[in-house]
$ cat upload_30.cif   # mmCIF, C-alpha atoms and all ligand atoms; chains and numbers go by the auth columns
data_run
#
loop_
_atom_site.group_PDB
_atom_site.id
_atom_site.type_symbol
_atom_site.label_atom_id
_atom_site.label_comp_id
_atom_site.label_asym_id
_atom_site.label_seq_id
_atom_site.Cartn_x
_atom_site.Cartn_y
_atom_site.Cartn_z
_atom_site.B_iso_or_equiv
_atom_site.auth_seq_id
_atom_site.auth_asym_id
ATOM 1 C CA MET A 1 8.186 39.440 27.794 0.00 1 A
ATOM 2 C CA LYS A 2 10.707 37.298 29.553 0.00 2 A
ATOM 3 C CA ARG A 3 8.291 34.391 29.645 0.00 3 A
ATOM 4 C CA ILE A 4 7.682 34.628 25.905 0.00 4 A
ATOM 5 C CA ALA A 5 11.408 34.572 25.232 0.00 5 A
ATOM 6 C CA LEU A 6 11.851 31.493 27.392 0.00 6 A
ATOM 7 C CA PHE A 7 8.973 29.764 25.712 0.00 7 A
ATOM 8 C CA ALA A 8 10.393 30.543 22.269 0.00 8 A
ATOM 9 C CA ALA A 9 13.783 29.185 23.299 0.00 9 A
ATOM 10 C CA ALA A 10 12.246 25.982 24.618 0.00 10 A
ATOM 11 C CA ALA A 11 10.193 25.474 21.459 0.00 11 A
ATOM 12 C CA PHE A 12 13.251 26.025 19.299 0.00 12 A
ATOM 13 C CA ALA A 13 15.299 23.578 21.334 0.00 13 A
ATOM 14 C CA THR A 14 12.810 20.800 20.672 0.00 14 A
ATOM 15 C CA LEU A 15 12.688 21.389 16.914 0.00 15 A
ATOM 16 C CA PRO A 16 15.645 19.311 15.708 0.00 16 A
ATOM 17 C CA ALA A 17 14.337 16.227 17.483 0.00 17 A
ATOM 18 C CA HIS A 18 10.910 16.482 15.895 0.00 18 A
ATOM 19 C CA ALA A 19 10.505 14.043 13.056 0.00 19 A
ATOM 20 C CA ASP A 20 8.626 16.295 10.656 0.00 20 A
ATOM 21 C CA ARG A 21 11.527 18.772 10.388 0.00 21 A
ATOM 22 C CA LEU A 22 14.729 17.611 8.717 0.00 22 A
ATOM 23 C CA PRO A 23 16.324 20.901 7.681 0.00 23 A
ATOM 24 C CA ILE A 24 19.556 21.095 5.729 0.00 24 A
ATOM 25 C CA PRO A 25 22.139 22.605 8.128 0.00 25 A
ATOM 26 C CA ALA A 26 22.908 26.261 7.399 0.00 26 A
ATOM 27 C CA ASP A 27 26.621 25.593 6.821 0.00 27 A
ATOM 28 C CA ALA A 28 25.946 23.504 3.719 0.00 28 A
ATOM 29 C CA PRO A 29 28.175 24.539 0.813 0.00 29 A
ATOM 30 C CA PRO A 30 26.110 25.969 -2.090 0.00 30 A
ATOM 31 C CA ALA A 31 27.284 23.003 -4.171 0.00 31 A
ATOM 32 C CA PHE A 32 25.232 20.645 -2.019 0.00 32 A
ATOM 33 C CA ALA A 33 21.857 21.917 -3.244 0.00 33 A
ATOM 34 C CA ALA A 34 23.224 22.602 -6.726 0.00 34 A
ATOM 35 C CA GLU A 35 24.919 19.236 -7.309 0.00 35 A
ATOM 36 C CA CYS A 36 22.908 16.891 -5.075 0.00 36 A
ATOM 37 C CA GLY A 37 19.488 18.452 -5.569 0.00 37 A
ATOM 38 C CA GLY A 38 19.210 18.181 -9.340 0.00 38 A
ATOM 39 C CA CYS A 39 18.063 14.594 -9.873 0.00 39 A
ATOM 40 C CA HIS A 40 16.302 14.195 -6.504 0.00 40 A
ATOM 41 C CA ILE A 41 16.011 16.482 -3.480 0.00 41 A
ATOM 42 C CA ALA A 42 19.216 17.135 -1.548 0.00 42 A
ATOM 43 C CA PHE A 43 18.581 14.477 1.096 0.00 43 A
ATOM 44 C CA PRO A 44 18.766 15.362 4.809 0.00 44 A
ATOM 45 C CA PRO A 45 22.347 14.523 5.904 0.00 45 A
ATOM 46 C CA SER A 46 21.140 13.251 9.294 0.00 46 A
ATOM 47 C CA LEU A 47 19.496 10.178 7.730 0.00 47 A
ATOM 48 C CA LEU A 48 22.782 8.383 6.985 0.00 48 A
ATOM 49 C CA THR A 49 25.931 7.880 9.065 0.00 49 A
ATOM 50 C CA ALA A 50 29.300 9.457 8.257 0.00 50 A
ATOM 51 C CA ASP A 51 30.537 6.057 7.029 0.00 51 A
ATOM 52 C CA ASP A 52 27.548 5.746 4.722 0.00 52 A
ATOM 53 C CA TRP A 53 28.102 9.213 3.248 0.00 53 A
ATOM 54 C CA ARG A 54 31.782 8.408 2.730 0.00 54 A
ATOM 55 C CA ARG A 55 30.761 5.418 0.641 0.00 55 A
ATOM 56 C CA VAL A 56 28.221 7.409 -1.361 0.00 56 A
ATOM 57 C CA MET A 57 30.765 10.152 -2.080 0.00 57 A
ATOM 58 C CA ALA A 58 33.489 7.653 -2.993 0.00 58 A
ATOM 59 C CA SER A 59 31.491 6.148 -5.853 0.00 59 A
ATOM 60 C CA LEU A 60 29.694 9.034 -7.534 0.00 60 A
ATOM 61 C CA ASP A 61 30.565 7.670 -10.960 0.00 61 A
ATOM 62 C CA LYS A 62 28.516 4.574 -10.104 0.00 62 A
ATOM 63 C CA HIS A 63 25.659 6.234 -8.276 0.00 63 A
ATOM 64 C CA TYR A 64 22.603 3.973 -7.981 0.00 64 A
ATOM 65 C CA GLY A 65 22.732 3.285 -11.703 0.00 65 A
ATOM 66 C CA ASP A 66 23.567 6.887 -12.610 0.00 66 A
ATOM 67 C CA ASN A 67 26.704 8.971 -13.029 0.00 67 A
ATOM 68 C CA ALA A 68 26.920 11.849 -10.543 0.00 68 A
ATOM 69 C CA ALA A 69 30.688 12.409 -10.744 0.00 69 A
ATOM 70 C CA LEU A 70 32.073 15.759 -9.539 0.00 70 A
ATOM 71 C CA ASP A 71 35.467 17.456 -9.619 0.00 71 A
ATOM 72 C CA ASP A 72 37.632 16.658 -6.592 0.00 72 A
ATOM 73 C CA ARG A 73 37.233 20.016 -4.863 0.00 73 A
ATOM 74 C CA THR A 74 33.460 20.050 -5.025 0.00 74 A
ATOM 75 C CA ARG A 75 33.289 16.411 -4.000 0.00 75 A
ATOM 76 C CA ARG A 76 35.461 17.093 -0.963 0.00 76 A
ATOM 77 C CA ALA A 77 33.453 20.173 0.096 0.00 77 A
ATOM 78 C CA ILE A 78 30.172 18.247 -0.088 0.00 78 A
ATOM 79 C CA GLY A 79 31.679 15.141 1.504 0.00 79 A
ATOM 80 C CA ASP A 80 33.086 17.085 4.476 0.00 80 A
ATOM 81 C CA PHE A 81 29.718 18.742 5.003 0.00 81 A
ATOM 82 C CA LEU A 82 27.820 15.440 4.834 0.00 82 A
ATOM 83 C CA GLU A 83 30.185 13.749 7.270 0.00 83 A
ATOM 84 C CA ARG A 84 30.013 16.506 9.860 0.00 84 A
ATOM 85 C CA SER A 85 26.190 16.695 9.560 0.00 85 A
ATOM 86 C CA ALA A 86 25.677 12.928 9.471 0.00 86 A
ATOM 87 C CA GLY A 87 23.350 11.119 11.823 0.00 87 A
ATOM 88 C CA SER A 88 23.812 8.125 14.060 0.00 88 A
ATOM 89 C CA GLY A 89 21.673 5.639 15.928 0.00 89 A
ATOM 90 C CA ARG A 90 17.954 5.235 15.561 0.00 90 A
ATOM 91 C CA ARG A 91 17.336 7.078 12.288 0.00 91 A
ATOM 92 C CA THR A 92 20.211 5.489 10.395 0.00 92 A
ATOM 93 C CA GLU A 93 19.995 1.820 11.387 0.00 93 A
ATOM 94 C CA GLY A 94 19.181 -0.616 8.610 0.00 94 A
ATOM 95 C CA ALA A 95 20.321 1.638 5.758 0.00 95 A
ATOM 96 C CA ASN A 96 22.741 -1.010 4.495 0.00 96 A
ATOM 97 C CA ALA A 97 21.332 -3.959 2.619 0.00 97 A
ATOM 98 C CA GLY A 98 24.750 -5.619 2.306 0.00 98 A
ATOM 99 C CA ASN A 99 26.114 -7.273 -0.859 0.00 99 A
ATOM 100 C CA GLY A 100 28.193 -4.159 -1.449 0.00 100 A
ATOM 101 C CA ALA A 101 25.073 -2.150 -2.298 0.00 101 A
ATOM 102 C CA LEU A 102 25.256 1.564 -1.563 0.00 102 A
ATOM 103 C CA PRO A 103 23.440 2.676 1.595 0.00 103 A
ATOM 104 C CA ARG A 104 19.878 3.931 1.272 0.00 104 A
ATOM 105 C CA LEU A 105 18.116 6.143 3.776 0.00 105 A
ATOM 106 C CA THR A 106 14.850 4.821 2.309 0.00 106 A
ATOM 107 C CA ILE A 107 15.437 1.333 3.725 0.00 107 A
ATOM 108 C CA SER A 108 16.340 2.299 7.298 0.00 108 A
ATOM 109 C CA ASN A 109 14.114 0.849 10.002 0.00 109 A
ATOM 110 C CA TRP A 110 13.083 4.386 10.931 0.00 110 A
ATOM 111 C CA PHE A 111 12.104 5.300 7.358 0.00 111 A
ATOM 112 C CA ARG A 112 10.114 2.095 6.962 0.00 112 A
ATOM 113 C CA ARG A 113 8.291 2.655 10.221 0.00 113 A
ATOM 114 C CA LYS A 114 7.439 6.258 9.330 0.00 114 A
ATOM 115 C CA HIS A 115 6.023 5.026 6.017 0.00 115 A
ATOM 116 C CA ASP A 116 4.217 1.889 7.110 0.00 116 A
ATOM 117 C CA GLU A 117 0.896 3.520 6.148 0.00 117 A
ATOM 118 C CA VAL A 118 1.938 3.956 2.538 0.00 118 A
ATOM 119 C CA PRO A 119 0.351 1.174 0.463 0.00 119 A
ATOM 120 C CA ALA A 120 2.744 -0.872 -1.700 0.00 120 A
ATOM 121 C CA ALA A 121 0.967 0.294 -4.865 0.00 121 A
ATOM 122 C CA ALA A 122 1.818 3.925 -4.100 0.00 122 A
ATOM 123 C CA TRP A 123 5.597 3.328 -4.217 0.00 123 A
ATOM 124 C CA LYS A 124 5.193 1.796 -7.658 0.00 124 A
ATOM 125 C CA ASP A 125 2.797 4.434 -9.032 0.00 125 A
ATOM 126 C CA LYS A 126 4.607 6.025 -11.960 0.00 126 A
ATOM 127 C CA ARG A 127 3.911 9.523 -10.607 0.00 127 A
ATOM 128 C CA ILE A 128 5.981 8.523 -7.571 0.00 128 A
ATOM 129 C CA GLY A 129 8.305 5.835 -8.903 0.00 129 A
ATOM 130 C CA SER A 130 10.449 5.349 -5.833 0.00 130 A
ATOM 131 C CA ALA A 131 10.634 5.994 -2.124 0.00 131 A
ATOM 132 C CA ALA A 132 13.572 8.305 -2.869 0.00 132 A
ATOM 133 C CA ASN A 133 11.188 10.686 -4.661 0.00 133 A
ATOM 134 C CA CYS A 134 10.324 12.474 -1.407 0.00 134 A
ATOM 135 C CA ALA A 135 8.952 15.557 -3.163 0.00 135 A
ATOM 136 C CA ALA A 136 6.283 13.513 -4.978 0.00 136 A
ATOM 137 C CA CYS A 137 4.403 13.236 -1.672 0.00 137 A
ATOM 138 C CA HIS A 138 5.951 15.833 0.640 0.00 138 A
ATOM 139 C CA SER A 139 5.211 19.180 -0.989 0.00 139 A
ATOM 140 C CA ARG A 140 7.820 20.991 1.120 0.00 140 A
ATOM 141 C CA ALA A 141 10.506 18.308 1.175 0.00 141 A
ATOM 142 C CA GLU A 142 12.963 20.667 -0.480 0.00 142 A
ATOM 143 C CA MET A 143 12.649 22.952 2.551 0.00 143 A
ATOM 144 C CA GLY A 144 13.249 20.015 4.886 0.00 144 A
ATOM 145 C CA SER A 145 9.641 20.030 6.042 0.00 145 A
ATOM 146 C CA TYR A 146 7.646 16.796 6.272 0.00 146 A
ATOM 147 C CA GLY A 147 4.539 17.784 8.223 0.00 147 A
ATOM 148 C CA GLU A 148 1.343 15.830 7.779 0.00 148 A
ATOM 149 C CA ARG A 149 -0.497 18.876 6.387 0.00 149 A
ATOM 150 C CA GLU A 150 2.082 19.221 3.630 0.00 150 A
ATOM 151 C CA LEU A 151 1.457 15.727 2.262 0.00 151 A
ATOM 152 C CA ARG A 152 0.188 15.641 -1.317 0.00 152 A
ATOM 153 C CA MET A 153 0.034 12.059 -2.424 0.00 153 A
ATOM 154 C CA PRO A 154 -0.809 11.679 -6.096 0.00 154 A
ATOM 155 C CA GLY A 155 -3.570 9.137 -6.553 0.00 155 A
ATOM 156 C CA GLY A 156 -5.182 9.834 -3.179 0.00 156 A
ATOM 157 C CA TYR A 157 -3.674 6.728 -1.617 0.00 157 A
ATOM 158 C CA LEU A 158 -4.052 8.010 1.913 0.00 158 A
ATOM 159 C CA SER A 159 -7.800 8.584 1.666 0.00 159 A
ATOM 160 C CA GLU A 160 -8.289 5.044 0.321 0.00 160 A
ATOM 161 C CA ARG A 161 -6.865 3.366 3.353 0.00 161 A
HETATM 162 C C1 LIG B . 22.679 12.484 -12.292 0.00 201 B
HETATM 163 C C2 LIG B . 21.618 12.397 -11.300 0.00 201 B
HETATM 164 C C3 LIG B . 22.018 12.387 -9.829 0.00 201 B
HETATM 165 C C4 LIG B . 22.815 13.279 -9.156 0.00 201 B
HETATM 166 C C5 LIG B . 23.512 14.518 -9.709 0.00 201 B
HETATM 167 C C6 LIG B . 22.838 12.823 -7.769 0.00 201 B
HETATM 168 N N1 LIG B . 22.068 11.703 -7.621 0.00 201 B
HETATM 169 FE FE1 LIG B . 21.748 10.693 -5.884 0.00 201 B
HETATM 170 N N2 LIG B . 20.587 9.362 -6.897 0.00 201 B
HETATM 171 C C7 LIG B . 20.323 9.379 -8.251 0.00 201 B
HETATM 172 C C8 LIG B . 19.477 8.256 -8.584 0.00 201 B
HETATM 173 C C9 LIG B . 18.949 7.913 -9.979 0.00 201 B
HETATM 174 C C10 LIG B . 19.236 7.567 -7.380 0.00 201 B
HETATM 175 C C11 LIG B . 18.361 6.328 -7.184 0.00 201 B
HETATM 176 C C12 LIG B . 16.965 6.809 -6.918 0.00 201 B
HETATM 177 C C13 LIG B . 15.952 5.697 -6.737 0.00 201 B
HETATM 178 O O1 LIG B . 16.296 4.599 -6.350 0.00 201 B
HETATM 179 O O2 LIG B . 14.773 5.986 -6.966 0.00 201 B
HETATM 180 C C14 LIG B . 19.946 8.290 -6.343 0.00 201 B
HETATM 181 C C15 LIG B . 19.954 7.915 -5.010 0.00 201 B
HETATM 182 C C16 LIG B . 20.652 8.565 -4.007 0.00 201 B
HETATM 183 C C17 LIG B . 20.680 8.131 -2.634 0.00 201 B
HETATM 184 C C18 LIG B . 19.921 6.951 -2.049 0.00 201 B
HETATM 185 C C19 LIG B . 18.456 7.302 -1.874 0.00 201 B
HETATM 186 C C20 LIG B . 17.682 6.220 -1.153 0.00 201 B
HETATM 187 O O3 LIG B . 16.948 5.455 -1.801 0.00 201 B
HETATM 188 O O4 LIG B . 17.813 6.134 0.075 0.00 201 B
HETATM 189 C C21 LIG B . 21.493 8.991 -1.950 0.00 201 B
HETATM 190 C C22 LIG B . 21.837 8.955 -0.486 0.00 201 B
HETATM 191 C C23 LIG B . 21.963 9.968 -2.915 0.00 201 B
HETATM 192 N N3 LIG B . 21.428 9.688 -4.154 0.00 201 B
HETATM 193 C C24 LIG B . 22.817 11.007 -2.620 0.00 201 B
HETATM 194 C C25 LIG B . 23.295 11.929 -3.563 0.00 201 B
HETATM 195 C C26 LIG B . 24.272 12.952 -3.265 0.00 201 B
HETATM 196 C C27 LIG B . 24.910 13.194 -1.910 0.00 201 B
HETATM 197 C C28 LIG B . 24.487 13.643 -4.433 0.00 201 B
HETATM 198 C C29 LIG B . 25.453 14.778 -4.670 0.00 201 B
HETATM 199 C C30 LIG B . 26.850 14.484 -4.460 0.00 201 B
HETATM 200 C C31 LIG B . 23.635 13.027 -5.455 0.00 201 B
HETATM 201 N N4 LIG B . 22.938 11.998 -4.891 0.00 201 B
HETATM 202 C C32 LIG B . 23.562 13.448 -6.778 0.00 201 B
HETATM 203 C C33 LIG B . 20.754 10.323 -9.143 0.00 201 B
HETATM 204 C C34 LIG B . 21.560 11.401 -8.858 0.00 201 B
HETATM 205 C C1 LIG B . 4.499 7.757 -1.532 0.00 202 B
HETATM 206 C C2 LIG B . 4.570 9.002 -0.836 0.00 202 B
HETATM 207 C C3 LIG B . 5.787 9.302 0.022 0.00 202 B
HETATM 208 C C4 LIG B . 7.124 9.359 -0.365 0.00 202 B
HETATM 209 C C5 LIG B . 7.697 9.141 -1.739 0.00 202 B
HETATM 210 C C6 LIG B . 7.884 9.715 0.815 0.00 202 B
HETATM 211 N N1 LIG B . 7.041 9.860 1.880 0.00 202 B
HETATM 212 FE FE1 LIG B . 7.562 10.445 3.763 0.00 202 B
HETATM 213 N N2 LIG B . 5.663 10.117 4.393 0.00 202 B
HETATM 214 C C7 LIG B . 4.596 9.744 3.599 0.00 202 B
HETATM 215 C C8 LIG B . 3.443 9.481 4.445 0.00 202 B
HETATM 216 C C9 LIG B . 2.066 9.054 3.967 0.00 202 B
HETATM 217 C C10 LIG B . 3.870 9.704 5.771 0.00 202 B
HETATM 218 C C11 LIG B . 3.054 9.559 7.050 0.00 202 B
HETATM 219 C C12 LIG B . 2.334 10.827 7.283 0.00 202 B
HETATM 220 C C13 LIG B . 2.380 11.252 8.694 0.00 202 B
HETATM 221 O O1 LIG B . 2.273 10.393 9.571 0.00 202 B
HETATM 222 O O2 LIG B . 2.585 12.463 8.921 0.00 202 B
HETATM 223 C C14 LIG B . 5.264 10.112 5.708 0.00 202 B
HETATM 224 C C15 LIG B . 6.036 10.462 6.807 0.00 202 B
HETATM 225 C C16 LIG B . 7.326 10.970 6.752 0.00 202 B
HETATM 226 C C17 LIG B . 8.055 11.523 7.863 0.00 202 B
HETATM 227 C C18 LIG B . 7.566 11.603 9.297 0.00 202 B
HETATM 228 C C19 LIG B . 6.851 12.894 9.580 0.00 202 B
HETATM 229 C C20 LIG B . 6.397 12.938 11.026 0.00 202 B
HETATM 230 O O3 LIG B . 5.648 13.857 11.343 0.00 202 B
HETATM 231 O O4 LIG B . 6.786 12.081 11.824 0.00 202 B
HETATM 232 C C21 LIG B . 9.272 11.920 7.401 0.00 202 B
HETATM 233 C C22 LIG B . 10.383 12.577 8.181 0.00 202 B
HETATM 234 C C23 LIG B . 9.304 11.606 5.986 0.00 202 B
HETATM 235 N N3 LIG B . 8.099 11.049 5.623 0.00 202 B
HETATM 236 C C24 LIG B . 10.391 11.830 5.183 0.00 202 B
HETATM 237 C C25 LIG B . 10.480 11.374 3.863 0.00 202 B
HETATM 238 C C26 LIG B . 11.683 11.445 3.062 0.00 202 B
HETATM 239 C C27 LIG B . 12.996 12.046 3.519 0.00 202 B
HETATM 240 C C28 LIG B . 11.373 10.892 1.842 0.00 202 B
HETATM 241 C C29 LIG B . 12.272 10.661 0.670 0.00 202 B
HETATM 242 C C30 LIG B . 13.582 10.038 0.945 0.00 202 B
HETATM 243 C C31 LIG B . 9.966 10.479 1.898 0.00 202 B
HETATM 244 N N4 LIG B . 9.469 10.786 3.134 0.00 202 B
HETATM 245 C C32 LIG B . 9.261 9.903 0.851 0.00 202 B
HETATM 246 C C33 LIG B . 4.617 9.618 2.229 0.00 202 B
HETATM 247 C C34 LIG B . 5.754 9.598 1.448 0.00 202 B
#
$ encode --input "upload_30.cif" --output "structure tokens" --more "lines below"
Ligand code: HEC
Ligand code: HEC
Amino acid sequence: MKRIALFAAAAFATLPAHADRLPIPADAPPAFAAECGGCHIAFPPSLLTADDWRRVMASLDKHYGDNAALDDRTRRAIGDFLERSAGSGRRTEGANAGNGALPRLTISNWFRRKHDEVPAAAWKDKRIGSAANCAACHSRAEMGSYGERELRMPGGYLSER
């Protein structure tokens, strides 16, 4: 019994570091999923730095070509959550293209490396449209789960490689 408990604890401890699990932290305000999960999935906070999130939340009226403006209270609640759950280091490097462009988790070195098997044509397929459309390929992206068995790429790009 004791051994099982220890094993379970050890397995749990390794979970956050594993790349196929990027869960939304449990202390997320309800507004995060409601307001940031409508046009795309509510992205995992750990894939951008606190500075990056501050910039995203400071320009919601000019949001990657869209208007995602919120009232001040909601914006602050989501912003505080994103900053305290933000990532650093390896998974966030390269997210800034410069030229004043907003940060993108889909251009980080880590994201590119994880997706180096995806053929260029797949990103442009109209059923996918953009790297930010995580749920087009990761059937459980909304649950923060990115396991290989949960991949559903429209067009069968993976089997063609
Ligand atoms: C009105 C629709 C809409 C809402 C609401 C919205 N977004 Fe977005 N968001 C977009 C669009 C459009 C893009 C660009 C997607 C693309 O390039 O394919 C985007 C892109 C992003 C990106 C960059 C994705 C990448 O390529 O790395 C981040 C980060 C982001 N949104 C965060 C948020 C957060 C946080 C909220 C909630 C405060 C939010 N979004 C709410 C429409 C929206
Ligand atoms: C065009 C389809 C496609 C899109 C869109 C896409 N991915 Fe992926 N993703 C893949 C493929 C293919 C892999 C590699 C499969 C593997 O090695 O498990 C992968 C791997 C990953 C992994 C690594 C899993 C592991 O086990 O190491 C993560 C994390 C991930 N994607 C997150 C995202 C996030 C977050 C988004 C959206 C911002 C996204 N992906 C968008 C196809 C896609």
$ axis_aligned_box --input "upload_30.cif" --around "range 145-156 of chain A" --padding-each-side "6 Å" --output "JSON"
{"center_x": 2.2, "center_y": 14.6, "center_z": 0.8, "size_x": 26.8, "size_y": 22.9, "size_z": 26.8}
$ residues_around --input "upload_30.cif" --residues "Pro119 in chain A" --least-positions-apart "4" --cutoff "9 Å" --atoms "only C-alpha atoms" --output "tab-separated table (two decimals) with C-alpha atoms, keeping the file's coordinate frame"
chain	number	residue	atom	x	y	z
A	115	HIS	CA	6.02	5.03	6.02
A	123	TRP	CA	5.60	3.33	-4.22
A	157	TYR	CA	-3.67	6.73	-1.62
A	158	LEU	CA	-4.05	8.01	1.91
A	161	ARG	CA	-6.86	3.37	3.35
$ closest_atom_pairs --input "upload_30.cif" --of "chain A" --to "ligand LIG 202 (chain B)" --cutoff "7 Å" --atoms "only C-alpha atoms and all ligand atoms" --output "CSV"
residue,atom,partner,partner_atom,distance
A:Ala19,CA,B:LIG202,O4,4.4
A:Asp20,CA,B:LIG202,O3,3.9
A:Arg21,CA,B:LIG202,C22,6.7
A:Leu22,CA,B:LIG202,C22,6.7
A:Phe43,CA,B:LIG202,C27,6.6
A:Pro44,CA,B:LIG202,C27,6.8
A:Leu105,CA,B:LIG202,C30,6.6
A:Thr106,CA,B:LIG202,C30,5.5
A:Lys114,CA,B:LIG202,C15,5.1
A:His115,CA,B:LIG202,C14,5.2
A:Glu117,CA,B:LIG202,C9,6.1
A:Val118,CA,B:LIG202,C9,5.3
A:Ala122,CA,B:LIG202,C1,5.3
A:Trp123,CA,B:LIG202,C1,5.3
A:Ile128,CA,B:LIG202,C5,6.1
A:Ser130,CA,B:LIG202,C5,6.2
A:Ala131,CA,B:LIG202,C5,4.3
A:Ala132,CA,B:LIG202,C30,4.2
A:Asn133,CA,B:LIG202,C5,4.8
A:Cys134,CA,B:LIG202,C29,3.4
A:Ala135,CA,B:LIG202,C5,6.7
A:Ala136,CA,B:LIG202,C5,5.6
A:Cys137,CA,B:LIG202,C2,4.3
A:His138,CA,B:LIG202,N1,6.2
A:Tyr146,CA,B:LIG202,C19,5.2
A:Gly147,CA,B:LIG202,O3,5.1
A:Glu148,CA,B:LIG202,O2,3.8
A:Leu151,CA,B:LIG202,C33,6.9
A:Met153,CA,B:LIG202,C2,5.7
A:Leu158,CA,B:LIG202,C9,6.5
$ residues_near_ligand --input "upload_30.cif" --ligand "ligand LIG 201 (chain B)" --cutoff "9 Å" --atoms "only C-alpha atoms and all ligand atoms" --output "PDB file with C-alpha atoms, in the coordinates of the input"
ATOM      1  CA  ALA A  31      27.284  23.003  -4.171  1.00  0.00           C
ATOM      2  CA  PHE A  32      25.232  20.645  -2.019  1.00  0.00           C
ATOM      3  CA  ALA A  33      21.857  21.917  -3.244  1.00  0.00           C
ATOM      4  CA  ALA A  34      23.224  22.602  -6.726  1.00  0.00           C
ATOM      5  CA  GLU A  35      24.919  19.236  -7.309  1.00  0.00           C
ATOM      6  CA  CYS A  36      22.908  16.891  -5.075  1.00  0.00           C
ATOM      7  CA  GLY A  37      19.488  18.452  -5.569  1.00  0.00           C
ATOM      8  CA  GLY A  38      19.210  18.181  -9.340  1.00  0.00           C
ATOM      9  CA  CYS A  39      18.063  14.594  -9.873  1.00  0.00           C
ATOM     10  CA  HIS A  40      16.302  14.195  -6.504  1.00  0.00           C
ATOM     11  CA  ILE A  41      16.011  16.482  -3.480  1.00  0.00           C
ATOM     12  CA  ALA A  42      19.216  17.135  -1.548  1.00  0.00           C
ATOM     13  CA  PHE A  43      18.581  14.477   1.096  1.00  0.00           C
ATOM     14  CA  PRO A  44      18.766  15.362   4.809  1.00  0.00           C
ATOM     15  CA  PRO A  45      22.347  14.523   5.904  1.00  0.00           C
ATOM     16  CA  LEU A  47      19.496  10.178   7.730  1.00  0.00           C
ATOM     17  CA  LEU A  48      22.782   8.383   6.985  1.00  0.00           C
ATOM     18  CA  ASP A  52      27.548   5.746   4.722  1.00  0.00           C
ATOM     19  CA  TRP A  53      28.102   9.213   3.248  1.00  0.00           C
ATOM     20  CA  VAL A  56      28.221   7.409  -1.361  1.00  0.00           C
ATOM     21  CA  MET A  57      30.765  10.152  -2.080  1.00  0.00           C
ATOM     22  CA  LEU A  60      29.694   9.034  -7.534  1.00  0.00           C
ATOM     23  CA  HIS A  63      25.659   6.234  -8.276  1.00  0.00           C
ATOM     24  CA  TYR A  64      22.603   3.973  -7.981  1.00  0.00           C
ATOM     25  CA  GLY A  65      22.732   3.285 -11.703  1.00  0.00           C
ATOM     26  CA  ASP A  66      23.567   6.887 -12.610  1.00  0.00           C
ATOM     27  CA  ASN A  67      26.704   8.971 -13.029  1.00  0.00           C
ATOM     28  CA  ALA A  68      26.920  11.849 -10.543  1.00  0.00           C
ATOM     29  CA  ALA A  69      30.688  12.409 -10.744  1.00  0.00           C
ATOM     30  CA  LEU A  70      32.073  15.759  -9.539  1.00  0.00           C
ATOM     31  CA  THR A  74      33.460  20.050  -5.025  1.00  0.00           C
ATOM     32  CA  ARG A  75      33.289  16.411  -4.000  1.00  0.00           C
ATOM     33  CA  ILE A  78      30.172  18.247  -0.088  1.00  0.00           C
ATOM     34  CA  GLY A  79      31.679  15.141   1.504  1.00  0.00           C
ATOM     35  CA  LEU A  82      27.820  15.440   4.834  1.00  0.00           C
ATOM     36  CA  ALA A  95      20.321   1.638   5.758  1.00  0.00           C
ATOM     37  CA  LEU A 102      25.256   1.564  -1.563  1.00  0.00           C
ATOM     38  CA  PRO A 103      23.440   2.676   1.595  1.00  0.00           C
ATOM     39  CA  ARG A 104      19.878   3.931   1.272  1.00  0.00           C
ATOM     40  CA  LEU A 105      18.116   6.143   3.776  1.00  0.00           C
ATOM     41  CA  THR A 106      14.850   4.821   2.309  1.00  0.00           C
ATOM     42  CA  ILE A 107      15.437   1.333   3.725  1.00  0.00           C
ATOM     43  CA  SER A 108      16.340   2.299   7.298  1.00  0.00           C
ATOM     44  CA  GLY A 129       8.305   5.835  -8.903  1.00  0.00           C
ATOM     45  CA  SER A 130      10.449   5.349  -5.833  1.00  0.00           C
ATOM     46  CA  ALA A 131      10.634   5.994  -2.124  1.00  0.00           C
ATOM     47  CA  ALA A 132      13.572   8.305  -2.869  1.00  0.00           C
ATOM     48  CA  ASN A 133      11.188  10.686  -4.661  1.00  0.00           C
TER      49      ASN A 133
END
$ closest_residue --input "upload_30.cif" --among "A:Ala26, A:Arg140, A:Asp116, A:Lys62" --to "Ala101 in chain A" --atoms "only C-alpha atoms"
A:Lys62
$ atom_distance --input "upload_30.cif" --atom1 "CA of Asp71 in chain A" --atom2 "CA of Ala86 in chain A"
21.9 Å
$ atom_distance --input "upload_30.cif" --atom1 "CA of Asn96 in chain A" --atom2 "CA of Glu83 in chain A"
16.8 Å
$ closest_residue --input "upload_30.cif" --among "A:His18, A:Pro23, A:Trp110, A:Ala121" --to "Gly89 in chain A" --atoms "all atoms listed in the file"
A:Trp110
$ resolve_selection --input "upload_30.cif" --expression "the PyMOL selection byres (((chain A and resi 88) around 10) and not hetatm)" --output "PyMOL selection string"
chain A and resi 46-51+85-87+89-93
$ atom_distance --input "upload_30.cif" --atom1 "CA of Ala28 in chain A" --atom2 "CA of Arg55 in chain A"
19.0 Å
$ decode --input "upload_30.cif" --residues "range 61-72 of chain A" --atoms "C-alpha atoms" --output "mmCIF file, in the first residue's frame"
data_model
loop_
_atom_site.group_PDB
_atom_site.id
_atom_site.type_symbol
_atom_site.label_atom_id
_atom_site.label_comp_id
_atom_site.auth_asym_id
_atom_site.auth_seq_id
_atom_site.Cartn_x
_atom_site.Cartn_y
_atom_site.Cartn_z
ATOM 1 C CA ASP A 61 -8.398 46.177 -28.448
ATOM 2 C CA LYS A 62 -5.699 45.486 -31.045
ATOM 3 C CA HIS A 63 -5.394 41.747 -30.612
ATOM 4 C CA TYR A 64 -3.659 40.071 -33.565
ATOM 5 C CA GLY A 65 -6.007 41.826 -35.962
ATOM 6 C CA ASP A 66 -9.068 41.314 -33.759
ATOM 7 C CA ASN A 67 -10.781 43.179 -30.939
ATOM 8 C CA ALA A 68 -10.809 41.227 -27.668
ATOM 9 C CA ALA A 69 -11.358 44.183 -25.320
ATOM 10 C CA LEU A 70 -12.670 43.465 -21.805
ATOM 11 C CA ASP A 71 -13.875 45.583 -18.894
ATOM 12 C CA ASP A 72 -11.089 46.613 -16.515
#
